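**Q** So here's data.cif, just mmCIF, C-alpha atoms:
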```cif
data_model
#
loop_
_atom_site.label_atom_id
_atom_site.label_comp_id
_atom_site.auth_asym_id
_atom_site.auth_seq_id
_atom_site.Cartn_x
_atom_site.Cartn_y
_atom_site.Cartn_z
CA GLN A 1 129.29 106.89 59.93
CA ARG A 2 129.35 103.14 59.48
CA PHE A 3 130.79 100.73 62.00
CA ARG A 4 131.75 97.16 61.32
CA PHE A 5 130.73 95.93 64.73
CA CYS A 6 127.22 97.27 64.09
CA GLY A 7 127.05 95.33 60.85
CA ASP A 8 128.18 98.20 58.61
CA LEU A 9 125.33 100.37 59.85
CA ASP A 10 125.18 103.46 62.03
CA CYS A 11 125.79 102.95 65.71
CA PRO A 12 122.48 103.07 67.65
CA ASP A 13 121.96 106.30 69.57
CA TRP A 14 121.60 104.63 72.94
CA VAL A 15 125.04 102.99 72.56
CA LEU A 16 126.59 106.38 71.82
CA ALA A 17 124.91 107.83 74.87
CA GLU A 18 126.14 105.08 77.19
CA ILE A 19 129.80 105.21 76.05
CA SER A 20 130.27 108.20 78.31
CA THR A 21 128.88 106.17 81.25
CA LEU A 22 131.44 103.45 80.48
CA ALA A 23 134.23 105.99 80.58
CA LYS A 24 133.26 106.87 84.15
CA ILE A 25 134.15 103.38 85.42
CA SER A 26 137.82 102.63 86.00
CA SER A 27 139.38 100.32 83.45
CA VAL A 28 140.16 97.53 85.91
CA LYS A 29 136.55 97.42 87.09
CA LEU A 30 135.40 97.61 83.49
CA LYS A 31 137.30 94.44 82.66
CA LEU A 32 135.71 92.65 85.61
CA ILE A 33 132.24 93.80 84.57
CA CYS A 34 133.01 92.63 81.02
CA ALA A 35 133.90 89.22 82.40
CA GLN A 36 130.50 89.04 84.12
CA VAL A 37 128.65 90.15 81.00
CA LEU A 38 130.52 87.51 78.99
CA ARG A 39 129.41 84.90 81.50
CA ASP A 40 125.83 85.93 80.92
CA LEU A 41 126.23 85.82 77.12
CA LEU A 42 127.80 82.36 77.36
CA GLY A 43 124.80 81.11 79.28
CA GLU A 44 126.18 80.96 82.80
CA ALA A 45 124.51 82.87 85.61
CA ILE A 46 125.40 86.52 85.94
CA GLU A 47 126.42 87.73 89.41
CA TYR A 48 124.55 90.99 89.65
CA ASP A 49 125.74 91.74 93.21
CA LYS A 50 129.35 91.75 92.08
CA ILE A 51 128.54 94.19 89.33
CA LEU A 52 126.70 96.42 91.80
CA LYS A 53 129.75 96.40 94.07
CA LEU A 54 132.07 97.24 91.18
CA THR A 55 129.96 100.15 90.01
CA SER A 56 129.36 101.57 93.47
CA ASP A 57 132.62 103.56 93.30
CA ALA A 58 131.63 105.32 90.13
CA LYS A 59 128.38 106.28 91.92
CA LEU A 60 126.16 105.01 89.15
CA GLU A 61 122.42 104.81 89.73
CA SER A 62 120.63 101.52 89.23
CA GLY A 63 119.39 102.62 85.79
CA ASP A 64 122.98 103.38 84.76
CA VAL A 65 124.18 99.97 85.96
CA LYS A 66 121.59 98.22 83.83
CA ALA A 67 122.47 100.47 80.89
CA THR A 68 126.15 99.58 81.30
CA ILE A 69 125.38 95.86 81.25
CA ALA A 70 123.14 96.35 78.21
CA VAL A 71 125.70 98.34 76.23
CA LEU A 72 128.55 95.92 77.02
CA GLY A 73 126.31 93.00 76.05
CA PHE A 74 125.46 94.71 72.78
CA ILE A 75 129.07 95.55 71.89
CA LEU A 76 130.41 92.08 72.66
CA SER A 77 127.64 90.05 71.04
CA SER A 78 127.42 92.34 68.02
CA ALA A 79 131.18 92.15 67.47
CA ALA A 80 131.03 88.36 67.67
CA LYS A 81 128.02 88.28 65.35
CA HIS A 82 129.81 90.21 62.61
CA ASN A 83 133.12 88.46 63.21
CA VAL A 84 135.06 91.62 64.00
CA ASP A 85 138.64 91.15 65.14
CA SER A 86 139.70 92.82 68.35
CA GLU A 87 141.96 95.46 66.67
CA SER A 88 139.12 96.85 64.56
CA LEU A 89 136.80 96.75 67.56
CA SER A 90 139.30 98.74 69.60
CA SER A 91 139.73 101.40 66.92
CA GLU A 92 135.96 101.68 66.38
CA LEU A 93 135.30 102.05 70.13
CA GLN A 94 137.90 104.79 70.27
CA GLN A 95 136.12 106.55 67.40
CA LEU A 96 132.99 106.44 69.54
CA GLY A 97 134.80 108.16 72.36
CA LEU A 98 135.95 105.38 74.67
CA PRO A 99 139.36 106.39 76.04
CA LYS A 100 142.04 104.25 74.40
CA ALA A 101 144.73 103.67 76.86
CA GLU A 102 142.95 101.35 79.22
CA HIS A 103 139.23 101.10 78.57
CA ALA A 104 139.13 100.15 74.90
CA SER A 105 142.15 97.87 75.02
CA GLY A 106 140.93 96.16 78.20
CA LEU A 107 137.51 95.53 76.71
CA CYS A 108 139.02 94.18 73.51
CA ARG A 109 141.34 91.88 75.34
CA CYS A 110 138.35 90.37 77.18
CA TYR A 111 136.58 90.04 73.84
CA GLU A 112 139.53 88.40 72.13
CA GLU A 113 139.87 85.72 74.79
CA LYS A 114 136.26 84.72 74.55
CA GLN A 115 135.54 85.40 70.89
CA ASN A 116 135.50 81.77 69.81
CA PRO A 117 133.36 80.40 72.65
CA LEU A 118 130.98 83.32 72.17
CA GLN A 119 130.62 82.60 68.45
CA ASP A 120 130.07 78.91 69.17
CA ARG A 121 127.38 79.77 71.67
CA LEU A 122 125.67 82.15 69.23
CA ARG A 123 125.81 79.47 66.55
CA ALA A 124 124.16 76.98 68.92
CA CYS A 125 121.44 79.52 69.77
CA SER A 126 120.53 80.16 66.15
CA LEU A 127 117.06 79.32 65.02
CA ARG A 128 116.67 75.62 64.58
CA LEU A 129 113.31 74.00 64.21
CA SER A 130 113.95 70.50 65.34
CA GLN A 131 116.94 68.31 65.76
CA LEU A 132 117.58 64.64 65.26
CA GLY A 133 118.68 63.27 68.59
CA SER A 134 119.39 59.64 67.85
CA VAL A 135 118.34 56.74 65.66
CA ARG A 136 117.72 53.23 66.93
CA TRP A 137 117.23 50.23 64.68
CA ARG A 138 116.32 46.59 64.80
CA VAL A 139 116.14 43.99 62.06
CA ASP A 140 113.47 41.32 62.32
CA TYR A 141 112.89 38.34 60.12
CA THR A 142 109.27 37.52 59.39
CA LEU A 143 108.79 33.78 59.16
CA SER A 144 105.09 33.58 58.41
CA SER A 145 101.89 35.56 58.80
CA SER A 146 98.14 35.06 58.77
CA GLU A 147 98.08 35.90 55.04
CA LEU A 148 100.92 33.73 53.80
CA GLN A 149 102.45 30.70 55.39
CA GLU A 150 106.06 31.20 54.28
CA VAL A 151 107.09 34.84 54.24
CA ASN A 152 110.84 34.76 55.03
CA GLU A 153 111.39 38.48 54.64
CA PRO A 154 113.63 40.78 56.72
CA VAL A 155 112.03 43.93 58.11
CA VAL A 156 113.76 46.97 59.64
CA HIS A 157 112.35 48.97 62.56
CA LEU A 158 113.76 52.46 62.93
CA THR A 159 113.05 54.95 65.71
CA PHE A 160 114.04 58.57 65.15
CA ASN A 161 114.28 60.54 68.38
CA VAL A 162 113.46 64.12 67.41
CA ARG A 163 114.36 66.83 69.88
CA ASP A 164 112.33 70.01 70.16
CA ARG A 165 114.75 72.51 71.65
CA GLU A 166 112.34 74.86 73.26
CA ARG A 167 109.88 72.59 74.83
CA GLU A 168 112.79 70.29 75.74
CA LYS A 169 110.77 67.30 74.64
CA THR A 170 111.98 64.33 72.65
CA THR A 171 109.42 62.68 70.43
CA ALA A 172 109.98 59.19 69.08
CA VAL A 173 108.99 58.59 65.48
CA PRO A 174 108.84 54.84 64.74
CA VAL A 175 109.14 53.68 61.13
CA THR A 176 109.02 50.16 59.72
CA LEU A 177 110.61 49.44 56.34
CA SER A 178 110.99 46.44 54.12
CA ALA A 179 114.45 45.61 52.76
CA ASN A 180 113.77 47.22 49.38
CA LYS A 181 112.50 50.46 50.91
CA LEU A 182 115.57 50.64 53.10
CA ARG A 183 117.73 50.29 50.03
CA VAL A 184 115.85 53.16 48.36
CA LEU A 185 116.27 55.29 51.50
CA LEU A 186 119.99 54.70 51.62
CA ALA A 187 120.53 55.21 47.89
CA MET B 1 78.96 113.02 87.37
CA LEU B 2 77.34 111.52 90.43
CA LEU B 3 77.65 107.96 91.66
CA VAL B 4 74.40 106.15 92.24
CA LEU B 5 74.51 103.78 95.20
CA SER B 6 71.89 101.06 95.42
CA ALA B 7 69.97 100.47 98.65
CA GLU B 8 72.00 97.37 99.41
CA GLN B 9 75.28 99.24 99.07
CA ARG B 10 73.98 102.03 101.23
CA ALA B 11 73.11 99.45 103.88
CA HIS B 12 76.62 97.97 103.60
CA LEU B 13 78.27 101.32 104.01
CA GLY B 14 75.84 102.17 106.79
CA CYS B 15 77.97 100.17 109.23
CA LEU B 16 80.85 102.65 108.84
CA PRO B 17 79.68 105.43 111.18
CA ARG B 18 78.86 102.88 113.84
CA ALA B 19 82.32 101.38 113.72
CA GLY B 20 84.16 104.63 114.39
CA GLY B 21 87.15 106.51 112.95
CA ALA B 22 89.87 103.91 113.42
CA ALA B 23 87.66 101.27 111.90
CA VAL B 24 87.30 103.30 108.73
CA GLY B 25 91.07 103.29 108.30
CA GLU B 26 91.17 99.55 108.88
CA LEU B 27 88.31 98.87 106.47
CA GLY B 28 89.94 101.11 103.90
CA ARG B 29 93.13 99.11 104.14
CA LEU B 30 91.22 95.83 103.81
CA ALA B 31 89.38 97.17 100.77
CA LEU B 32 92.66 98.09 99.05
CA GLU B 33 94.18 94.71 99.84
CA GLN B 34 91.12 93.03 98.37
CA LEU B 35 91.59 95.06 95.19
CA ARG B 36 95.25 94.18 95.00
CA ARG B 37 95.11 90.56 95.91
CA GLY B 38 91.55 89.32 96.11
CA ALA B 39 89.30 88.53 99.07
CA ALA B 40 90.97 87.59 102.35
CA PRO B 41 88.40 86.14 104.75
CA ARG B 42 90.93 85.62 107.51
CA ALA B 43 91.96 89.27 107.50
CA CYS B 44 88.28 90.20 107.82
CA GLU B 45 87.91 87.91 110.83
CA THR B 46 90.91 89.42 112.64
CA ALA B 47 89.57 92.91 111.91
CA ALA B 48 86.15 91.89 113.21
CA ARG B 49 87.66 90.65 116.45
CA LYS B 50 89.79 93.76 116.88
CA LEU B 51 86.90 96.15 116.33
CA ASN B 52 84.36 94.03 118.21
CA VAL B 53 81.93 93.89 115.29
CA GLY B 54 80.38 90.93 113.47
CA VAL B 55 82.38 89.38 110.60
CA ASP B 56 79.47 89.87 108.21
CA THR B 57 79.32 93.58 108.95
CA ILE B 58 83.03 93.90 108.24
CA GLN B 59 82.70 91.93 105.02
CA HIS B 60 79.78 94.04 103.82
CA GLY B 61 81.57 97.22 104.79
CA VAL B 62 84.68 96.17 102.85
CA GLU B 63 82.62 95.24 99.80
CA GLY B 64 80.76 98.53 99.93
CA LEU B 65 84.03 100.43 100.12
CA VAL B 66 85.51 98.41 97.26
CA TYR B 67 82.55 99.27 95.07
CA LEU B 68 82.72 102.93 96.04
CA LEU B 69 86.44 103.16 95.30
CA THR B 70 86.40 101.23 92.01
CA GLU B 71 83.44 103.09 90.58
CA SER B 72 84.87 106.47 91.57
CA SER B 73 88.30 105.64 90.17
CA LYS B 74 86.82 104.13 87.01
CA LEU B 75 84.82 107.27 86.24
CA MET B 76 87.58 109.54 87.60
CA ILE B 77 85.00 111.71 89.36
CA SER B 78 86.07 115.02 90.85
CA GLU B 79 86.26 115.75 94.58
CA VAL B 80 83.05 117.75 94.54
CA ASP B 81 81.13 114.96 92.80
CA PHE B 82 82.55 112.37 95.22
CA GLN B 83 81.50 114.44 98.20
CA ASP B 84 78.03 114.93 96.73
CA SER B 85 77.68 111.21 96.05
CA ILE B 86 78.51 110.17 99.62
CA HIS B 87 76.52 113.04 101.10
CA VAL B 88 73.39 111.01 100.41
CA LEU B 89 74.64 108.40 102.91
CA GLY B 90 74.30 110.96 105.68
CA PHE B 91 77.71 110.45 107.29
CA SER B 92 79.50 112.89 109.57
CA ASP B 93 81.85 115.46 107.99
CA GLU B 94 84.90 113.77 109.44
CA LEU B 95 83.90 110.43 107.91
CA ASN B 96 83.24 112.10 104.58
CA LYS B 97 86.65 113.73 104.68
CA SER B 98 88.48 110.48 105.47
CA LEU B 99 86.59 108.70 102.67
CA LEU B 100 87.56 111.48 100.28
CA GLN B 101 91.21 111.19 101.35
CA LEU B 102 91.10 107.43 100.85
CA TYR B 103 89.75 107.95 97.35
CA LEU B 104 92.26 110.63 96.33
CA ASN B 105 95.29 108.85 97.72
CA ASN B 106 94.62 105.55 96.00
CA ARG B 107 92.94 106.66 92.81
CA LYS B 108 95.98 106.18 90.57
CA GLU B 109 96.79 102.74 91.89
CA ILE B 110 93.22 101.52 91.54
CA ARG B 111 93.13 102.81 87.99
CA SER B 112 96.29 100.91 87.11
CA ILE B 113 94.83 97.71 88.58
CA LEU B 114 91.62 98.24 86.60
CA GLY B 115 93.67 98.87 83.47
CA GLU B 116 95.14 95.40 83.65
CA LEU B 117 91.74 93.76 83.63
CA ALA B 118 91.06 94.55 79.97
CA PRO B 119 91.24 91.57 77.54
CA ARG B 120 94.45 91.27 75.62
CA LEU B 121 95.45 89.97 72.23
CA PRO B 122 98.68 88.03 71.80
CA SER B 123 101.53 90.48 71.86
CA TYR B 124 104.99 90.43 70.34
CA HIS B 125 107.71 88.88 72.47
CA SER B 126 110.61 88.23 70.08
CA LEU B 127 111.47 87.20 66.55
CA GLU B 128 114.23 84.77 65.60
CA TRP B 129 115.21 84.54 61.96
CA ARG B 130 117.48 82.54 59.73
CA LEU B 131 118.55 82.95 56.10
CA ASP B 132 119.00 79.68 54.23
CA VAL B 133 120.05 78.93 50.69
CA GLN B 134 118.93 75.61 49.24
CA LEU B 135 121.71 74.26 47.01
CA ALA B 136 120.32 70.88 46.06
CA SER B 137 117.50 68.52 46.82
CA ARG B 138 116.81 64.89 46.10
CA SER B 139 114.94 65.78 42.92
CA LEU B 140 117.12 68.60 41.59
CA ARG B 141 120.82 69.33 41.97
CA GLN B 142 122.62 72.66 41.54
CA GLN B 143 119.92 75.10 42.59
CA ILE B 144 120.05 78.43 44.37
CA LYS B 145 116.89 79.10 46.33
CA ALA B 146 116.98 81.61 49.19
CA ALA B 147 114.48 81.38 52.04
CA VAL B 148 114.02 83.27 55.25
CA THR B 149 112.75 81.19 58.17
CA MET B 150 111.27 83.08 61.11
CA LYS B 151 109.99 82.05 64.51
CA LEU B 152 107.62 84.60 65.98
CA HIS B 153 107.31 84.35 69.77
CA LEU B 154 104.05 85.70 71.14
CA ASN B 155 102.90 86.36 74.70
CA GLN B 156 99.31 86.09 75.76
CA ASN B 157 98.47 86.34 79.44
CA GLU B 158 101.69 84.62 80.45
CA ASP B 159 101.24 81.93 77.75
CA GLN B 160 104.06 81.74 75.28
CA THR B 161 103.32 80.53 71.80
CA ALA B 162 105.61 80.37 68.80
CA GLN B 163 104.69 80.50 65.14
CA VAL B 164 107.13 79.32 62.48
CA LEU B 165 106.96 81.13 59.13
CA GLN B 166 108.98 80.79 55.99
CA THR B 167 109.14 83.11 53.03
CA ASP B 168 111.38 84.01 50.10
CA PRO B 169 113.20 87.35 50.16
CA ALA B 170 110.91 89.02 47.59
CA THR B 171 107.78 88.38 49.69
CA LEU B 172 109.62 89.58 52.77
CA LEU B 173 110.49 92.85 51.05
CA HIS B 174 106.85 93.26 50.03
CA LEU B 175 105.78 92.60 53.63
CA ILE B 176 108.23 95.23 54.91
CA GLN B 177 106.92 97.70 52.33
CA GLN B 178 103.31 97.13 53.45
CA LEU B 179 104.23 97.60 57.11
CA GLU B 180 106.12 100.81 56.32
CA GLN B 181 103.09 102.09 54.46
CA ALA B 182 100.98 101.35 57.54
CA LEU B 183 103.42 103.31 59.69
CA GLY B 184 103.45 106.12 57.14
CA GLU B 185 99.70 106.46 57.63
CA MET B 186 100.44 108.01 61.04
CA LYS B 187 101.96 111.00 59.29
CA MET B 188 98.89 111.72 57.17
CA ASN B 189 96.67 114.67 58.02
CA HIS B 190 93.77 112.56 59.24
CA CYS B 191 95.81 110.77 61.90
CA ARG B 192 97.64 113.94 62.87
CA ARG B 193 94.36 115.74 63.50
CA ILE B 194 93.08 112.93 65.74
CA VAL B 195 96.33 112.70 67.69
CA ARG B 196 96.36 116.46 68.24
CA ASN B 197 92.80 116.36 69.52
CA MET B 198 93.55 113.49 71.89
CA LYS B 199 96.34 115.40 73.52
#
```
Can the structure in the file be given as structure tokens, please?
**A**
Amino acid sequence: QRFRFCGDLDCPDWVLAEISTLAKISSVKLKLICAQVLRDLLGEAIEYDKILKLTSDAKLESGDVKATIAVLGFILSSAAKHNVDSESLSSELQQLGLPKAEHASGLCRCYEEKQNPLQDRLRACSLRLSQLGSVRWRVDYTLSSSELQEVNEPVVHLTFNVRDREREKTTAVPVTLSANKLRVLLA
Amino acid sequence: MLLVLSAEQRAHLGCLPRAGGAAVGELGRLALEQLRRGAAPRACETAARKLNVGVDTIQHGVEGLVYLLTESSKLMISEVDFQDSIHVLGFSDELNKSLLQLYLNNRKEIRSILGELAPRLPSYHSLEWRLDVQLASRSLRQQIKAAVTMKLHLNQNEDQTAQVLQTDPATLLHLIQQLEQALGEMKMNHCRRIVRNMK
């Protein structure tokens, strides 16, 4: 069976297996855990102690807690990745066996609130080789040189600041152009 | 399979019976710590003071024990072989028994430490990909050229490197086909026979 939130593919087996673990947690606590998982997906720090406290009632072992976080992370990020609206997500989760009344609708409400920020964050995380940070320029006027006494030519100095996202380094690439070359560049 | 201990190692371990039962436990603990974390001269000095023996003797004793334990764990020798190997040292039965216990209790851990010492090739960490379609360039307008850009993150001994690769979809499909053929090789008779024999 194909699910939209899995990208029109079958749902992975481990997700199916963990849906029953999700059903063990009460819906109110599930919404709070979702909020924490969303914080992690949006790049803020996750508060693992709070999640441990919330799951302590359902008597989940530590492996189950990690599995819960993993499956919620998968569902939310996958739904954002394939641009699934919260109604379809809710009906698909119910097909997988998540009880409707509170669990599925609670989860989808959390998703709906944060769908746009989540998609923006995923867009920013997409593979990008390098990025232009800023450009600085300066125009000089050469009066004369050792080769020719009267030069009278303008010259442009450009510095491209290229940002490498992973190594968090900015490299400066200086370029000097004559007026004609600059015109060709801008054309 | 018997362990062969050189004369020097026998001399090192020779200090054990003189030091007494409690000392053996202490030296055993020091030997395991040295395997886990490397040499600790200060711990040897405190042990020397506690047991009223010279620091050198303690150090030699620990080194002898480390060699004994690593070689036995490496070769995974049986109890009988271990007992026969240390019999040549001429220790008392009680000492032999405590050495045997030390070996058996820590064999698995020592083997896992030794396993990590093997050299490693860069291993897969993660793969980011991106599908681009080039619509126009400075030289040619109105094109459609698809390209897949990938960044392969590799891990080698805690060093992270990244390799950027770019390919068109047809080459990527060919690559996937070759890799699936390689995986399919596992299902052939030859591989199956070897795997069955290994188990």
**Q** For the file shown, what are the residues hit by the PyMOL selection byres ((chain B and resi 154-166) around 12), laid out as JSON, numbers by chain?
**A** {"A": [127, 128, 129, 130, 166, 167], "B": [116, 117, 118, 119, 120, 121, 122, 123, 124, 125, 126, 127, 128, 129, 130, 131, 132, 146, 147, 148, 149, 150, 151, 152, 153, 167, 168, 169, 170, 171, 172]}
**Q** What is the CA of Ile19 (chain A)-CA of Ala124 (chain A) distance in Å, reported with one decimal?
**A**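 These atoms are spaced 29.7 Å apart.
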**Q** I'd like to see the residues matched by the PyMOL selection byres ((chain B and resi 62) around 10) on this file, and ideally I'd get them as a list in words.
**A**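 So the PyMOL selection byres ((chain B and resi 62) around 10) ends up selecting His12, Leu13, Leu16, Val24, Glu26, Leu27, Gly28, Arg29, Leu30, Ala31, Leu32, Gln34, Ala39, Cys44, Asp56, Thr57, Ile58, Gln59, His60, Gly61, Glu63, Gly64, Leu65, Val66, Tyr67 and Leu68 of chain B.
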**Q** Specify as a compact mmCIF listing (two decimals) with C-alpha atoms, keeping the file's coordinate frame each residue included when the PyMOL selection byres ((chain A and resi 66) around 12) is applied to this file.
**A**
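Output below, filename part-v1.txt:
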```txt
# COMPACT_ATOMS: atom_id res chain seq x y z
CA GLU A 18 126.14 105.08 77.19
CA THR A 21 128.88 106.17 81.25
CA LEU A 22 131.44 103.45 80.48
CA ILE A 33 132.24 93.80 84.57
CA VAL A 37 128.65 90.15 81.00
CA TYR A 48 124.55 90.99 89.65
CA ILE A 51 128.54 94.19 89.33
CA LEU A 52 126.70 96.42 91.80
CA THR A 55 129.96 100.15 90.01
CA LEU A 60 126.16 105.01 89.15
CA GLU A 61 122.42 104.81 89.73
CA SER A 62 120.63 101.52 89.23
CA GLY A 63 119.39 102.62 85.79
CA ASP A 64 122.98 103.38 84.76
CA VAL A 65 124.18 99.97 85.96
CA ALA A 67 122.47 100.47 80.89
CA THR A 68 126.15 99.58 81.30
CA ILE A 69 125.38 95.86 81.25
CA ALA A 70 123.14 96.35 78.21
CA VAL A 71 125.70 98.34 76.23
CA LEU A 72 128.55 95.92 77.02
CA GLY A 73 126.31 93.00 76.05
```
**Q** Measuring atom to atom with only C-alpha atoms, identify which of A:Val139, A:Val28, A:Thr171, A:Cys125 is nearest to chain B.
**A** A:Cys125
**Q** When you draw a straight line from CA of Pro174 (chain A) to CA of Leu158 (chain A), how long is it in Å?
**A**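 That distance, rounded to one decimal, is 5.8 Å.
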**Q** As a PDB file with C-alpha atoms, keeping the file's coordinate frame, please: the residues near region 94-109 of chain B (cut-off 10 Å, all atoms listed in the file, same-chain neighbours under 2 positions excluded).
**A**
```pdb
ATOM      1  CA  LEU B  16      80.850 102.650 108.840  1.00  0.00           C
ATOM      2  CA  PRO B  17      79.680 105.430 111.180  1.00  0.00           C
ATOM      3  CA  GLY B  20      84.160 104.630 114.390  1.00  0.00           C
ATOM      4  CA  GLY B  21      87.150 106.510 112.950  1.00  0.00           C
ATOM      5  CA  VAL B  24      87.300 103.300 108.730  1.00  0.00           C
ATOM      6  CA  GLY B  25      91.070 103.290 108.300  1.00  0.00           C
ATOM      7  CA  GLY B  28      89.940 101.110 103.900  1.00  0.00           C
ATOM      8  CA  ARG B  29      93.130  99.110 104.140  1.00  0.00           C
ATOM      9  CA  LEU B  32      92.660  98.090  99.050  1.00  0.00           C
ATOM     10  CA  LEU B  35      91.590  95.060  95.190  1.00  0.00           C
ATOM     11  CA  ARG B  36      95.250  94.180  95.000  1.00  0.00           C
ATOM     12  CA  LEU B  65      84.030 100.430 100.120  1.00  0.00           C
ATOM     13  CA  LEU B  68      82.720 102.930  96.040  1.00  0.00           C
ATOM     14  CA  LEU B  69      86.440 103.160  95.300  1.00  0.00           C
ATOM     15  CA  THR B  70      86.400 101.230  92.010  1.00  0.00           C
ATOM     16  CA  SER B  72      84.870 106.470  91.570  1.00  0.00           C
ATOM     17  CA  SER B  73      88.300 105.640  90.170  1.00  0.00           C
ATOM     18  CA  LYS B  74      86.820 104.130  87.010  1.00  0.00           C
ATOM     19  CA  MET B  76      87.580 109.540  87.600  1.00  0.00           C
ATOM     20  CA  SER B  78      86.070 115.020  90.850  1.00  0.00           C
ATOM     21  CA  GLU B  79      86.260 115.750  94.580  1.00  0.00           C
ATOM     22  CA  VAL B  80      83.050 117.750  94.540  1.00  0.00           C
ATOM     23  CA  PHE B  82      82.550 112.370  95.220  1.00  0.00           C
ATOM     24  CA  GLN B  83      81.500 114.440  98.200  1.00  0.00           C
ATOM     25  CA  ASP B  84      78.030 114.930  96.730  1.00  0.00           C
ATOM     26  CA  ILE B  86      78.510 110.170  99.620  1.00  0.00           C
ATOM     27  CA  HIS B  87      76.520 113.040 101.100  1.00  0.00           C
ATOM     28  CA  LEU B  89      74.640 108.400 102.910  1.00  0.00           C
ATOM     29  CA  GLY B  90      74.300 110.960 105.680  1.00  0.00           C
ATOM     30  CA  PHE B  91      77.710 110.450 107.290  1.00  0.00           C
ATOM     31  CA  SER B  92      79.500 112.890 109.570  1.00  0.00           C
ATOM     32  CA  ARG B 111      93.130 102.810  87.990  1.00  0.00           C
ATOM     33  CA  SER B 112      96.290 100.910  87.110  1.00  0.00           C
ATOM     34  CA  ILE B 113      94.830  97.710  88.580  1.00  0.00           C
ATOM     35  CA  LEU B 114      91.620  98.240  86.600  1.00  0.00           C
ATOM     36  CA  GLY B 115      93.670  98.870  83.470  1.00  0.00           C
TER      37      GLY B 115
END
```
**Q** So which residues touch Phe5 (chain A) within 9 Å, counting all atoms listed in the file, skipping near sequence neighbours fewer than 6 positions away, as a CSV table (one decimal) with C-alpha atoms, in the coordinates of the input?
**A**
```
chain,number,residue,atom,x,y,z
A,11,CYS,CA,125.8,103.0,65.7
A,75,ILE,CA,129.1,95.6,71.9
A,76,LEU,CA,130.4,92.1,72.7
A,78,SER,CA,127.4,92.3,68.0
A,79,ALA,CA,131.2,92.2,67.5
A,80,ALA,CA,131.0,88.4,67.7
A,81,LYS,CA,128.0,88.3,65.4
A,82,HIS,CA,129.8,90.2,62.6
A,83,ASN,CA,133.1,88.5,63.2
A,84,VAL,CA,135.1,91.6,64.0
A,88,SER,CA,139.1,96.8,64.6
A,89,LEU,CA,136.8,96.8,67.6
A,92,GLU,CA,136.0,101.7,66.4
```
**Q** Between A:Leu16, A:Asp57, A:Phe160, A:Val155, single out the one closest to Arg183 (chain A), counting all atoms listed in the file.
**A**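 Distance minimum relative to Arg183 (chain A) lands on A:Val155.
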**Q** Given only C-alpha atoms as the basis, pick out the residue of A:Val173, A:Leu122, A:Ala179, A:Glu47 nearest to Tyr141 (chain A).
**A**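 That would be A:Ala179, the residue with the smallest distance to Tyr141 (chain A).
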